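Peer 1: After the structure tokens below, expect a handful of questions from me.
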Amino acid sequence: MSRNKKYLLFFLLIAIALTPLGLIAHGGAWGEWSTDEIKSMLDFVPESIKNAKPLVYILIPDYEIFSLSSVASTLVSALLGVILVFLVMAGIKKLAKRAN
């Protein structure tokens, strides 16, 4: 494994390990606002947001997975997110190589 890949893996593992800190942080996560919070920020709620149900909520409601604790659920959610992003980026890289 190259040195750059080792650094990337190290920082990804650190980021995943630090993810549960969000559970004790004050306030909500950026971008995960409720419609009430959006209304207080914008003075209205766009129709697309009123009618939308995020895919992540359907798959992992409130990031709670089965009977796992909230910390374990958050760690699993972080790991799933990293894997998903990796797979999408690997697919894009493969398509870009085919195009060239």
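Identifiers in the structure tokens: chain A, B, ... in order shown; residue index from 1 per chain; ligand index from 1 in order shown.
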Might you pull out every residue within 10 Å of stretch 68-85 of chain A, with only C-alpha atoms counted and same-chain residues fewer than 6 positions away left off, and present them as a PDB file with C-alpha atoms, in the first residue's frame?

Peer 2:
```
ATOM      1  CA  LEU A  12     -10.773   8.012   7.355  1.00  0.00           C
ATOM      2  CA  LEU A  13     -10.485   5.768  10.408  1.00  0.00           C
ATOM      3  CA  ALA A  15     -12.996  10.533  11.143  1.00  0.00           C
ATOM      4  CA  ILE A  16     -15.132   7.432  11.671  1.00  0.00           C
ATOM      5  CA  ALA A  17     -13.892   7.076  15.255  1.00  0.00           C
ATOM      6  CA  LEU A  18     -14.736  10.735  15.993  1.00  0.00           C
ATOM      7  CA  THR A  19     -18.241  10.493  14.510  1.00  0.00           C
ATOM      8  CA  PRO A  20     -19.988   9.738  17.845  1.00  0.00           C
ATOM      9  CA  LEU A  21     -18.845  13.146  19.141  1.00  0.00           C
ATOM     10  CA  GLY A  22     -21.790  14.509  17.178  1.00  0.00           C
ATOM     11  CA  LEU A  23     -24.082  12.832  19.693  1.00  0.00           C
ATOM     12  CA  VAL A  56     -31.315   7.793   4.466  1.00  0.00           C
ATOM     13  CA  ILE A  60     -31.695   4.062   8.580  1.00  0.00           C
ATOM     14  CA  ASP A  62     -32.630   8.420  13.020  1.00  0.00           C
ATOM     15  CA  GLY A  91     -17.462   3.589 -10.266  1.00  0.00           C
TER      16      GLY A  91
END
```

Peer 1: Work out how far atom CA of A:Gly28 is from atom CA of A:Glu47, in Å to one decimal.

Peer 2: 22.2 Å

Peer 1: One decimal, in Å: what's the spacing between atom CA of A:Met1 and atom CA of A:Ala90?

Peer 2: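 So the two atoms, atom CA of A:Met1 and atom CA of A:Ala90, lie 17.0 Å apart.
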